[in-house]
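Pasting entry-v7.txt here (compact mmCIF, C-alpha atoms):
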# COMPACT_ATOMS: atom_id res chain seq x y z
CA MET A 1 -1.12 7.78 15.88
CA THR A 2 -3.97 6.15 13.97
CA VAL A 3 -5.03 6.36 10.32
CA TYR A 4 -8.67 5.45 9.65
CA GLY A 5 -8.73 3.80 13.06
CA LEU A 6 -5.65 1.66 12.33
CA ASN A 7 -2.45 1.98 14.35
CA ARG A 8 1.14 1.05 13.54
CA ASP A 9 0.70 -2.55 14.68
CA ASP A 10 -2.35 -2.95 12.44
CA LEU A 11 -0.44 -1.58 9.47
CA ARG A 12 2.45 -3.97 10.19
CA MET A 13 0.05 -6.91 10.35
CA MET A 14 -1.54 -5.77 7.09
CA LEU A 15 1.85 -5.93 5.36
CA ASN A 16 2.51 -9.37 6.83
CA LEU A 17 -0.88 -10.62 5.62
CA ALA A 18 -0.14 -9.31 2.13
CA ARG A 19 3.19 -11.16 2.11
CA LEU A 20 1.51 -14.37 3.30
CA GLN A 21 -1.17 -14.13 0.61
CA VAL A 22 1.46 -13.74 -2.09
CA GLY A 23 3.39 -16.69 -0.65
CA ASP A 24 0.25 -18.86 -0.60
CA ARG A 25 -0.41 -18.08 -4.27
CA TYR A 26 2.92 -19.62 -5.33
CA LEU A 27 3.10 -22.26 -2.61
CA GLY A 28 4.64 -25.50 -3.88
CA SER A 29 6.34 -24.01 -6.95
CA ARG A 30 10.11 -24.28 -7.28
CA LEU A 31 10.64 -20.59 -8.00
CA GLY A 32 8.17 -19.43 -5.34
CA LEU A 33 7.80 -15.64 -5.09
CA ALA A 34 10.02 -15.17 -8.13
CA TRP A 35 6.91 -15.92 -10.22
CA ALA A 36 5.46 -12.62 -9.04
CA ILE A 37 8.26 -10.94 -11.01
CA ILE A 38 8.60 -13.41 -13.88
CA SER A 39 4.89 -13.45 -14.83
CA PRO A 40 4.51 -9.72 -15.67
CA LEU A 41 7.92 -9.68 -17.38
CA LEU A 42 6.83 -12.52 -19.67
CA MET A 43 3.61 -10.66 -20.47
CA PHE A 44 5.54 -7.49 -21.36
CA ALA A 45 7.88 -9.53 -23.57
CA VAL A 46 4.88 -10.97 -25.45
CA PHE A 47 3.51 -7.46 -25.97
CA ALA A 48 6.88 -6.31 -27.31
CA TYR A 49 6.97 -9.19 -29.80
CA VAL A 50 3.35 -9.02 -30.97
CA PHE A 51 2.93 -5.25 -31.24
CA GLY A 52 6.53 -4.33 -31.99
CA PHE A 53 7.63 -7.02 -34.44
CA VAL A 54 4.45 -8.65 -35.77
CA PHE A 55 1.96 -5.78 -36.09
CA ARG A 56 4.54 -2.97 -35.85
CA THR A 57 1.92 -0.77 -34.21
CA ARG A 58 2.65 2.93 -33.87
CA LEU A 59 1.05 5.85 -32.10
CA PRO A 60 -0.28 8.64 -34.34
CA GLY A 61 2.66 10.85 -35.33
CA ALA A 62 5.33 8.43 -34.08
CA ASP A 63 8.07 7.09 -36.36
CA ASP A 64 8.64 3.76 -34.60
CA SER A 65 6.93 1.06 -32.55
CA GLY A 66 9.02 1.72 -29.44
CA THR A 67 6.92 4.70 -28.39
CA TYR A 68 3.75 2.63 -28.65
CA LEU A 69 5.28 -0.23 -26.66
CA LEU A 70 6.19 2.08 -23.78
CA TRP A 71 2.74 3.68 -23.95
CA LEU A 72 1.07 0.25 -23.98
CA VAL A 73 3.10 -1.31 -21.17
CA SER A 74 2.71 1.75 -18.93
CA GLY A 75 -1.05 1.62 -19.37
CA TYR A 76 -1.38 -2.14 -19.11
CA SER A 77 0.83 -2.35 -16.01
CA ALA A 78 -1.46 0.16 -14.28
CA TRP A 79 -4.47 -1.87 -15.40
CA LEU A 80 -2.86 -5.16 -14.31
CA ALA A 81 -2.18 -3.70 -10.86
CA THR A 82 -5.80 -2.58 -10.61
CA SER A 83 -7.21 -5.90 -11.81
CA GLU A 84 -4.97 -8.00 -9.52
CA SER A 85 -5.88 -5.83 -6.55
CA LEU A 86 -9.63 -5.94 -7.16
CA VAL A 87 -9.71 -9.72 -7.64
CA SER A 88 -7.53 -10.32 -4.56
CA SER A 89 -9.70 -8.01 -2.47
CA GLY A 90 -12.86 -9.73 -3.63
CA ASN A 91 -11.56 -13.15 -2.54
CA SER A 92 -9.84 -11.96 0.63
CA LEU A 93 -12.50 -12.75 3.26
CA THR A 94 -13.68 -16.07 1.82
CA SER A 95 -10.11 -17.33 1.38
CA SER A 96 -9.18 -16.34 4.96
CA SER A 97 -12.14 -17.92 6.77
CA ASN A 98 -9.99 -19.99 9.16
CA LEU A 99 -7.90 -16.97 10.06
CA LEU A 100 -10.96 -14.80 10.67
CA LYS A 101 -12.66 -17.35 12.93
CA ASN A 102 -9.63 -18.47 14.97
CA LEU A 103 -7.71 -15.25 15.60
CA VAL A 104 -8.78 -12.05 17.32
CA PHE A 105 -7.68 -9.02 15.30
CA LYS A 106 -9.14 -6.19 13.26
CA THR A 107 -10.60 -8.16 10.37
CA GLU A 108 -11.00 -5.02 8.28
CA ILE A 109 -7.30 -5.17 7.44
CA VAL A 110 -7.75 -8.40 5.43
CA PRO A 111 -9.26 -6.76 2.32
CA LEU A 112 -6.79 -3.89 2.68
CA ALA A 113 -3.86 -6.32 2.71
CA ALA A 114 -5.21 -8.08 -0.38
CA ALA A 115 -5.42 -4.76 -2.23
CA LEU A 116 -1.67 -4.27 -1.79
CA ILE A 117 -0.89 -7.37 -3.88
CA GLY A 118 -1.78 -5.57 -7.08
CA LEU A 119 1.18 -3.23 -6.73
CA ILE A 120 3.67 -6.05 -7.40
CA PRO A 121 3.34 -6.13 -11.23
CA LEU A 122 3.42 -2.33 -11.25
CA ALA A 123 6.64 -2.30 -9.23
CA VAL A 124 8.12 -4.76 -11.74
CA ALA A 125 7.04 -2.66 -14.72
CA ILE A 126 8.35 0.72 -13.53
CA PRO A 127 12.12 0.01 -13.86
CA VAL A 128 11.46 -1.70 -17.22
CA LEU A 129 9.61 1.38 -18.47
CA LEU A 130 12.27 3.77 -17.21
CA ALA A 131 15.00 1.74 -18.91
CA GLY A 132 12.97 1.70 -22.13
CA LYS A 133 12.38 5.43 -21.96
CA LEU A 134 16.10 6.07 -21.51
CA ALA A 135 16.98 3.74 -24.38
CA LEU A 136 14.44 5.37 -26.70
CA THR A 137 14.90 9.07 -25.91
CA GLY A 138 18.02 9.29 -23.75
CA GLU A 139 16.19 11.17 -20.98
CA LEU A 140 13.50 10.80 -18.36
CA ASN A 141 10.49 12.98 -17.65
CA PRO A 142 11.45 15.63 -15.02
CA TRP A 143 7.98 15.16 -13.53
CA LEU A 144 8.96 11.62 -12.53
CA VAL A 145 9.30 13.01 -9.00
CA VAL A 146 5.49 12.94 -8.65
CA LEU A 147 5.31 9.19 -9.35
CA PRO A 148 4.94 8.37 -5.60
CA LEU A 149 1.97 10.74 -5.51
CA VAL A 150 0.32 8.96 -8.45
CA MET A 151 0.94 5.59 -6.79
CA ALA A 152 -0.51 6.86 -3.50
CA VAL A 153 -3.72 8.01 -5.21
CA HIS A 154 -3.90 4.70 -7.07
CA LEU A 155 -3.52 2.70 -3.86
CA LEU A 156 -6.11 4.85 -2.08
CA MET A 157 -8.57 4.20 -4.90
CA LEU A 158 -7.99 0.43 -4.65
CA LEU A 159 -8.34 0.41 -0.86
CA SER A 160 -11.58 2.39 -1.06
CA VAL A 161 -13.46 -0.43 -2.83
CA SER A 162 -11.76 -3.44 -1.22
CA HIS A 163 -14.37 -4.04 1.51
CA PHE A 164 -17.27 -3.64 -0.89
CA LEU A 165 -15.84 -6.34 -3.17
CA ALA A 166 -14.95 -8.66 -0.27
CA VAL A 167 -18.37 -8.44 1.39
CA THR A 168 -20.18 -8.85 -1.94
CA THR A 169 -18.27 -12.10 -2.50
CA VAL A 170 -19.23 -13.34 0.97
CA ILE A 171 -22.92 -12.71 0.23
CA VAL A 172 -22.92 -13.70 -3.47
CA ARG A 173 -20.28 -16.39 -4.03
CA ASP A 174 -20.70 -16.24 -7.81
CA PHE A 175 -19.30 -12.72 -7.69
CA SER A 176 -15.75 -14.10 -7.39
CA VAL A 177 -16.25 -15.93 -10.70
CA ALA A 178 -17.94 -13.02 -12.45
CA LEU A 179 -15.48 -10.31 -11.40
CA PRO A 180 -12.50 -11.41 -13.59
CA THR A 181 -14.81 -11.65 -16.60
CA VAL A 182 -16.25 -8.19 -15.97
CA LEU A 183 -12.75 -6.77 -15.59
CA THR A 184 -11.65 -8.35 -18.89
CA LEU A 185 -14.63 -6.76 -20.67
CA PHE A 186 -13.83 -3.45 -19.00
CA LEU A 187 -10.22 -3.73 -20.16
CA PHE A 188 -11.22 -3.65 -23.82
CA LEU A 189 -13.81 -0.92 -23.29
CA THR A 190 -11.18 1.30 -21.67
CA PRO A 191 -8.48 2.91 -23.87
CA ILE A 192 -5.63 0.70 -22.66
CA PHE A 193 -4.57 -0.87 -25.97
CA TYR A 194 -5.69 2.03 -28.14
CA PRO A 195 -5.61 5.85 -27.83
CA GLN A 196 -8.62 7.60 -26.35
CA GLU A 197 -8.92 9.67 -29.55
CA MET A 198 -10.08 6.56 -31.42
CA LEU A 199 -13.31 6.46 -29.43
CA PRO A 200 -16.53 8.16 -30.61
CA GLN A 201 -16.99 11.66 -29.20
CA THR A 202 -19.71 10.58 -26.75
CA MET A 203 -17.57 7.75 -25.39
CA ARG A 204 -14.64 10.11 -24.94
CA HIS A 205 -16.68 12.32 -22.63
CA LEU A 206 -17.84 9.29 -20.64
CA MET A 207 -14.25 8.04 -20.29
CA GLU A 208 -13.24 11.32 -18.65
CA TRP A 209 -15.13 10.07 -15.57
CA ASN A 210 -13.45 6.66 -15.64
CA PRO A 211 -11.22 6.51 -12.51
CA ILE A 212 -9.09 3.72 -13.95
CA LEU A 213 -8.37 5.80 -17.04
CA MET A 214 -7.49 8.80 -14.85
CA ILE A 215 -4.84 6.73 -13.11
CA THR A 216 -3.66 5.09 -16.34
CA ASN A 217 -3.18 8.46 -18.04
CA ALA A 218 -1.26 9.76 -15.03
CA TYR A 219 1.15 6.81 -15.13
CA ARG A 220 1.58 7.14 -18.88
CA THR A 221 2.36 10.84 -18.66
CA VAL A 222 4.85 10.48 -15.82
CA LEU A 223 6.62 7.32 -17.00
CA THR A 224 6.69 7.74 -20.78
CA GLY A 225 5.60 11.34 -21.42
CA GLU A 226 7.35 14.68 -21.29
CA GLY A 227 5.20 16.76 -18.94
CA ALA A 228 3.15 16.81 -15.77
CA PRO A 229 0.10 14.62 -15.11
CA ALA A 230 -3.35 16.18 -14.83
CA PHE A 231 -3.37 17.11 -11.14
CA GLY A 232 -7.04 18.15 -11.13
CA PRO A 233 -8.50 14.68 -11.84
CA LEU A 234 -5.97 13.13 -9.45
CA ALA A 235 -7.04 15.49 -6.66
CA VAL A 236 -10.73 14.72 -7.26
CA LEU A 237 -10.04 10.99 -7.33
CA ALA A 238 -7.97 11.16 -4.13
CA ALA A 239 -10.66 13.12 -2.26
CA ALA A 240 -13.47 10.81 -3.43
CA SER A 241 -11.44 7.69 -2.54
CA ALA A 242 -10.55 9.02 0.92
CA LEU A 243 -14.20 9.75 1.71
CA LEU A 244 -15.34 6.38 0.35
CA LEU A 245 -12.70 4.50 2.36
CA ARG A 246 -13.74 6.30 5.53
CA TYR A 247 -17.42 5.44 4.98
CA GLU A 248 -16.65 1.88 3.92
CA LEU A 249 -14.56 1.14 7.01
CA ALA A 250 -17.23 2.58 9.31
CA TRP A 251 -19.90 0.50 7.56
CA TYR A 252 -17.82 -2.69 7.77
CA ARG A 253 -16.98 -2.21 11.46
CA ARG A 254 -20.65 -1.93 12.39
CA ARG A 255 -21.43 -5.24 10.67
CA LYS A 256 -18.20 -7.24 10.82
CA GLY A 257 -19.56 -9.72 13.39
CA LEU A 258 -22.33 -10.70 10.99
CA ILE A 259 -19.99 -10.69 7.98
CA VAL A 260 -17.38 -12.94 9.63
CA GLY A 261 -20.17 -15.32 10.65
CA LEU A 262 -21.14 -15.72 6.98
CA VAL A 263 -17.62 -16.45 5.75
Could I get this structure in the form of structure tokens?
Amino acid sequence: MTVYGLNRDDLRMMLNLARLQVGDRYLGSRLGLAWAIISPLLMFAVFAYVFGFVFRTRLPGADDSGTYLLWLVSGYSAWLATSESLVSSGNSLTSSSNLLKNLVFKTEIVPLAAALIGLIPLAVAIPVLLAGKLALTGELNPWLVVLPLVMAVHLLMLLSVSHFLAVTTVIVRDFSVALPTVLTLFLFLTPIFYPQEMLPQTMRHLMEWNPILMITNAYRTVLTGEGAPAFGPLAVLAAASALLLRYELAWYRRRKGLIVGLV
């Protein structure tokens, strides 16, 4: 059985490549892979201190800061996963040049493996959010059962742009420097730290087409809300991502000899 032209062995190698890339990132440190868990936890702790105890920020209609903290961390963890994945995908081919030139394998799995790395901070955040939700309200959202579906759509969206980012970096090396800056700007333009209702009316309509916000709102609803996520936008995003990934893989496979030669 193959999925997008990849068989079980390819998928296994993709997971191994993702694990190696994470290991290389923390190579030489005493704690090693533990930093992949410690780093997002420290960031969430800083958010809790700054917004919960210093600014005492609250959502409209809420009586305490706890609701805002859960809302913020659920949105930021989804954003952090997206940002980590996009940056890793963009650098995947250039950072694996020796591997690409010395081993014979399906090189299209390299950007796909890099996209998986972004899910680590999200996996760290989910149990923290669930524990916080239980502590704050004493119950979890019954629609939590659709969380794997939300994560699957999120991953499909990330995979669908991985080759575009990786090839762009091969052709324009400055892109790897510019991408984190662009993502930081996009972070503050997207309602991650503030509710969407605070935006001007025109911007609100534009944000409805923002795929990152679609995913962020789905995570927030499932993890910290009380109801079901908006299945319509998720279905549209999943269909668009599946078609884009199919096209992107076909495009890459026709040109991968030239692309690998440029790495």
Residues within 12 Å of Met198 of chain A, only C-alpha atoms, excluding chain neighbours under 5 positions, as a CSV table (one decimal) with C-alpha atoms, in the frame of the given file:
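Saved result, out.csv, follows:
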chain,number,residue,atom,x,y,z
A,59,LEU,CA,1.0,5.8,-32.1
A,60,PRO,CA,-0.3,8.6,-34.3
A,189,LEU,CA,-13.8,-0.9,-23.3
A,190,THR,CA,-11.2,1.3,-21.7
A,191,PRO,CA,-8.5,2.9,-23.9
A,192,ILE,CA,-5.6,0.7,-22.7
A,193,PHE,CA,-4.6,-0.9,-26.0
A,203,MET,CA,-17.6,7.8,-25.4
A,204,ARG,CA,-14.6,10.1,-24.9
A,207,MET,CA,-14.2,8.0,-20.3
**Q.** Distance of atom CA of Val22 of chain A from atom CA of Leu243 of chain A, expressed in Å to one decimal place
**A.**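 According to the coordinates, atom CA of Leu243 of chain A and atom CA of Val22 of chain A are separated by 28.5 Å.
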Within 12 Å of segment 4-16 of chain A: each segment 80-135 of chain A residue with its shortest pair, only C-alpha atoms, as a Markdown table:
| residue | atom | partner | partner_atom | distance |
| --- | --- | --- | --- | --- |
| A:Phe105 | CA | A:Asp10 | CA | 8.6 |
| A:Lys106 | CA | A:Asp10 | CA | 7.6 |
| A:Thr107 | CA | A:Met14 | CA | 9.9 |
| A:Glu108 | CA | A:Leu6 | CA | 9.5 |
| A:Ile109 | CA | A:Met14 | CA | 5.8 |
| A:Val110 | CA | A:Met14 | CA | 6.9 |
| A:Pro111 | CA | A:Met14 | CA | 9.1 |
| A:Leu112 | CA | A:Met14 | CA | 7.1 |
| A:Ala113 | CA | A:Met14 | CA | 5.0 |
| A:Ala114 | CA | A:Met14 | CA | 8.6 |
| A:Ala115 | CA | A:Met14 | CA | 10.1 |
| A:Leu116 | CA | A:Leu15 | CA | 8.1 |
| A:Ile117 | CA | A:Leu15 | CA | 9.7 |
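Using only C-alpha atoms, the smallest distance between any of A:Val177, A:Leu258, A:Leu119, A:Ala230 and Glu84 of chain A comes from A:Leu119.
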Find the nearest atom pair between each residue of segment 19-99 of chain A and segment 132-154 of chain A for residues within 12 Å, count only C-alpha atoms, give distances in Å to one decimal, sort rows by chain and ascending number, and present the table as a tab-separated table.
residue	atom	partner	partner_atom	distance
A:Phe44	CA	A:Gly132	CA	11.8
A:Ala48	CA	A:Gly132	CA	11.3
A:Asp63	CA	A:Leu136	CA	11.7
A:Asp64	CA	A:Leu136	CA	9.9
A:Ser65	CA	A:Leu136	CA	10.4
A:Gly66	CA	A:Leu136	CA	7.1
A:Thr67	CA	A:Leu136	CA	7.7
A:Tyr68	CA	A:Leu136	CA	11.2
A:Leu69	CA	A:Gly132	CA	9.1
A:Leu70	CA	A:Gly132	CA	7.0
A:Trp71	CA	A:Lys133	CA	10.0
A:Val73	CA	A:Gly132	CA	10.4
A:Ser74	CA	A:Gly132	CA	10.7
A:Ala78	CA	A:His154	CA	8.9
A:Trp79	CA	A:His154	CA	10.6
A:Ala81	CA	A:His154	CA	9.4
A:Thr82	CA	A:His154	CA	8.3
A:Ser85	CA	A:His154	CA	10.7
Q | atom CA of Leu213 of chain A to atom CA of Val54 of chain A, distance in Å rounded to a single decimal | A | 26.9 Å
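We find atom CA of Leu199 of chain A and atom CA of Asn217 of chain A to be spaced 15.4 Å apart.
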**Q.** A:Val263, A:Leu245, A:Ile212, A:Ala125 ranked by distance to Ser96 of chain A, top pick (using all atoms listed in the file)
**A.**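 Smallest distance to Ser96 of chain A is found for A:Val263.
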Q.
Under the rule that all atoms listed in the file are counted, which of A:Leu234, A:His205, A:Ile38, A:Thr221 is the nearest residue to Ile120 of chain A?
A.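 So, comparing all the options, the nearest one is A:Ile38.
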Got a minute to add N, CA and C atoms to segment 169-204 of chain A and dump it as a PDB file, in the frame of the given file?
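So the final result, stored in selection_22.pdb, reads:
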ATOM      1  N   THR A 169     -18.622 -10.699  -2.238  1.00  0.00           N
ATOM      2  CA  THR A 169     -18.270 -12.100  -2.500  1.00  0.00           C
ATOM      3  C   THR A 169     -18.759 -13.009  -1.392  1.00  0.00           C
ATOM      4  N   VAL A 170     -18.725 -12.537  -0.147  1.00  0.00           N
ATOM      5  CA  VAL A 170     -19.230 -13.340   0.970  1.00  0.00           C
ATOM      6  C   VAL A 170     -20.723 -13.606   0.806  1.00  0.00           C
ATOM      7  N   ILE A 171     -21.462 -12.591   0.355  1.00  0.00           N
ATOM      8  CA  ILE A 171     -22.920 -12.710   0.230  1.00  0.00           C
ATOM      9  C   ILE A 171     -23.307 -13.433  -1.063  1.00  0.00           C
ATOM     10  N   VAL A 172     -22.619 -13.093  -2.158  1.00  0.00           N
ATOM     11  CA  VAL A 172     -22.920 -13.700  -3.470  1.00  0.00           C
ATOM     12  C   VAL A 172     -21.649 -14.386  -3.947  1.00  0.00           C
ATOM     13  N   ARG A 173     -21.523 -15.674  -3.735  1.00  0.00           N
ATOM     14  CA  ARG A 173     -20.280 -16.390  -4.030  1.00  0.00           C
ATOM     15  C   ARG A 173     -19.941 -16.386  -5.529  1.00  0.00           C
ATOM     16  N   ASP A 174     -20.958 -16.283  -6.372  1.00  0.00           N
ATOM     17  CA  ASP A 174     -20.700 -16.240  -7.810  1.00  0.00           C
ATOM     18  C   ASP A 174     -19.954 -14.971  -8.228  1.00  0.00           C
ATOM     19  N   PHE A 175     -19.952 -13.990  -7.362  1.00  0.00           N
ATOM     20  CA  PHE A 175     -19.300 -12.720  -7.690  1.00  0.00           C
ATOM     21  C   PHE A 175     -17.807 -12.924  -7.941  1.00  0.00           C
ATOM     22  N   SER A 176     -17.182 -13.849  -7.209  1.00  0.00           N
ATOM     23  CA  SER A 176     -15.750 -14.100  -7.390  1.00  0.00           C
ATOM     24  C   SER A 176     -15.443 -14.684  -8.761  1.00  0.00           C
ATOM     25  N   VAL A 177     -16.409 -15.378  -9.354  1.00  0.00           N
ATOM     26  CA  VAL A 177     -16.250 -15.930 -10.700  1.00  0.00           C
ATOM     27  C   VAL A 177     -16.530 -14.873 -11.747  1.00  0.00           C
ATOM     28  N   ALA A 178     -17.525 -14.033 -11.481  1.00  0.00           N
ATOM     29  CA  ALA A 178     -17.940 -13.020 -12.450  1.00  0.00           C
ATOM     30  C   ALA A 178     -16.969 -11.849 -12.536  1.00  0.00           C
ATOM     31  N   LEU A 179     -16.318 -11.508 -11.428  1.00  0.00           N
ATOM     32  CA  LEU A 179     -15.480 -10.310 -11.400  1.00  0.00           C
ATOM     33  C   LEU A 179     -14.352 -10.335 -12.436  1.00  0.00           C
ATOM     34  N   PRO A 180     -13.550 -11.414 -12.559  1.00  0.00           N
ATOM     35  CA  PRO A 180     -12.500 -11.410 -13.590  1.00  0.00           C
ATOM     36  C   PRO A 180     -13.041 -11.229 -15.002  1.00  0.00           C
ATOM     37  N   THR A 181     -14.204 -11.806 -15.278  1.00  0.00           N
ATOM     38  CA  THR A 181     -14.810 -11.650 -16.600  1.00  0.00           C
ATOM     39  C   THR A 181     -15.223 -10.209 -16.850  1.00  0.00           C
ATOM     40  N   VAL A 182     -15.838  -9.601 -15.849  1.00  0.00           N
ATOM     41  CA  VAL A 182     -16.250  -8.190 -15.970  1.00  0.00           C
ATOM     42  C   VAL A 182     -15.037  -7.299 -16.173  1.00  0.00           C
ATOM     43  N   LEU A 183     -13.959  -7.582 -15.452  1.00  0.00           N
ATOM     44  CA  LEU A 183     -12.750  -6.770 -15.590  1.00  0.00           C
ATOM     45  C   LEU A 183     -12.127  -6.929 -16.974  1.00  0.00           C
ATOM     46  N   THR A 184     -12.173  -8.138 -17.539  1.00  0.00           N
ATOM     47  CA  THR A 184     -11.650  -8.350 -18.890  1.00  0.00           C
ATOM     48  C   THR A 184     -12.450  -7.550 -19.913  1.00  0.00           C
ATOM     49  N   LEU A 185     -13.781  -7.562 -19.773  1.00  0.00           N
ATOM     50  CA  LEU A 185     -14.630  -6.760 -20.670  1.00  0.00           C
ATOM     51  C   LEU A 185     -14.307  -5.273 -20.510  1.00  0.00           C
ATOM     52  N   PHE A 186     -14.125  -4.847 -19.274  1.00  0.00           N
ATOM     53  CA  PHE A 186     -13.830  -3.450 -19.000  1.00  0.00           C
ATOM     54  C   PHE A 186     -12.476  -3.044 -19.560  1.00  0.00           C
ATOM     55  N   LEU A 187     -11.548  -3.997 -19.606  1.00  0.00           N
ATOM     56  CA  LEU A 187     -10.220  -3.730 -20.160  1.00  0.00           C
ATOM     57  C   LEU A 187     -10.313  -3.280 -21.610  1.00  0.00           C
ATOM     58  N   PHE A 188     -11.130  -3.976 -22.401  1.00  0.00           N
ATOM     59  CA  PHE A 188     -11.220  -3.650 -23.820  1.00  0.00           C
ATOM     60  C   PHE A 188     -12.121  -2.455 -24.095  1.00  0.00           C
ATOM     61  N   LEU A 189     -12.990  -2.109 -23.143  1.00  0.00           N
ATOM     62  CA  LEU A 189     -13.810  -0.920 -23.290  1.00  0.00           C
ATOM     63  C   LEU A 189     -13.065   0.347 -22.883  1.00  0.00           C
ATOM     64  N   THR A 190     -11.998   0.173 -22.121  1.00  0.00           N
ATOM     65  CA  THR A 190     -11.180   1.300 -21.670  1.00  0.00           C
ATOM     66  C   THR A 190      -9.992   1.462 -22.606  1.00  0.00           C
ATOM     67  N   PRO A 191      -9.614   2.693 -22.960  1.00  0.00           N
ATOM     68  CA  PRO A 191      -8.480   2.910 -23.870  1.00  0.00           C
ATOM     69  C   PRO A 191      -7.132   2.511 -23.251  1.00  0.00           C
ATOM     70  N   ILE A 192      -6.901   1.216 -23.152  1.00  0.00           N
ATOM     71  CA  ILE A 192      -5.630   0.700 -22.660  1.00  0.00           C
ATOM     72  C   ILE A 192      -4.740   0.297 -23.834  1.00  0.00           C
ATOM     73  N   PHE A 193      -5.324  -0.418 -24.807  1.00  0.00           N
ATOM     74  CA  PHE A 193      -4.570  -0.870 -25.970  1.00  0.00           C
ATOM     75  C   PHE A 193      -4.641   0.109 -27.141  1.00  0.00           C
ATOM     76  N   TYR A 194      -5.515   1.074 -27.057  1.00  0.00           N
ATOM     77  CA  TYR A 194      -5.690   2.030 -28.140  1.00  0.00           C
ATOM     78  C   TYR A 194      -5.857   3.441 -27.564  1.00  0.00           C
ATOM     79  N   PRO A 195      -5.494   4.476 -28.338  1.00  0.00           N
ATOM     80  CA  PRO A 195      -5.610   5.850 -27.830  1.00  0.00           C
ATOM     81  C   PRO A 195      -7.072   6.254 -27.614  1.00  0.00           C
ATOM     82  N   GLN A 196      -7.281   7.124 -26.663  1.00  0.00           N
ATOM     83  CA  GLN A 196      -8.620   7.600 -26.350  1.00  0.00           C
ATOM     84  C   GLN A 196      -9.251   8.325 -27.545  1.00  0.00           C
ATOM     85  N   GLU A 197      -8.420   8.922 -28.394  1.00  0.00           N
ATOM     86  CA  GLU A 197      -8.920   9.670 -29.550  1.00  0.00           C
ATOM     87  C   GLU A 197      -9.629   8.783 -30.565  1.00  0.00           C
ATOM     88  N   MET A 198      -9.428   7.476 -30.482  1.00  0.00           N
ATOM     89  CA  MET A 198     -10.080   6.560 -31.420  1.00  0.00           C
ATOM     90  C   MET A 198     -11.532   6.283 -31.057  1.00  0.00           C
ATOM     91  N   LEU A 199     -11.941   6.685 -29.856  1.00  0.00           N
ATOM     92  CA  LEU A 199     -13.310   6.460 -29.430  1.00  0.00           C
ATOM     93  C   LEU A 199     -14.253   7.489 -30.049  1.00  0.00           C
ATOM     94  N   PRO A 200     -15.549   7.153 -30.192  1.00  0.00           N
ATOM     95  CA  PRO A 200     -16.530   8.160 -30.610  1.00  0.00           C
ATOM     96  C   PRO A 200     -16.582   9.314 -29.598  1.00  0.00           C
ATOM     97  N   GLN A 201     -17.017  10.467 -30.042  1.00  0.00           N
ATOM     98  CA  GLN A 201     -16.990  11.660 -29.200  1.00  0.00           C
ATOM     99  C   GLN A 201     -17.747  11.449 -27.885  1.00  0.00           C
ATOM    100  N   THR A 202     -18.920  10.802 -27.962  1.00  0.00           N
ATOM    101  CA  THR A 202     -19.710  10.580 -26.750  1.00  0.00           C
ATOM    102  C   THR A 202     -18.966   9.701 -25.756  1.00  0.00           C
ATOM    103  N   MET A 203     -18.320   8.647 -26.253  1.00  0.00           N
ATOM    104  CA  MET A 203     -17.570   7.750 -25.390  1.00  0.00           C
ATOM    105  C   MET A 203     -16.377   8.458 -24.758  1.00  0.00           C
ATOM    106  N   ARG A 204     -15.771   9.368 -25.495  1.00  0.00           N
ATOM    107  CA  ARG A 204     -14.640  10.110 -24.940  1.00  0.00           C
ATOM    108  C   ARG A 204     -15.042  10.893 -23.710  1.00  0.00           C
TER     109      ARG A 204
END
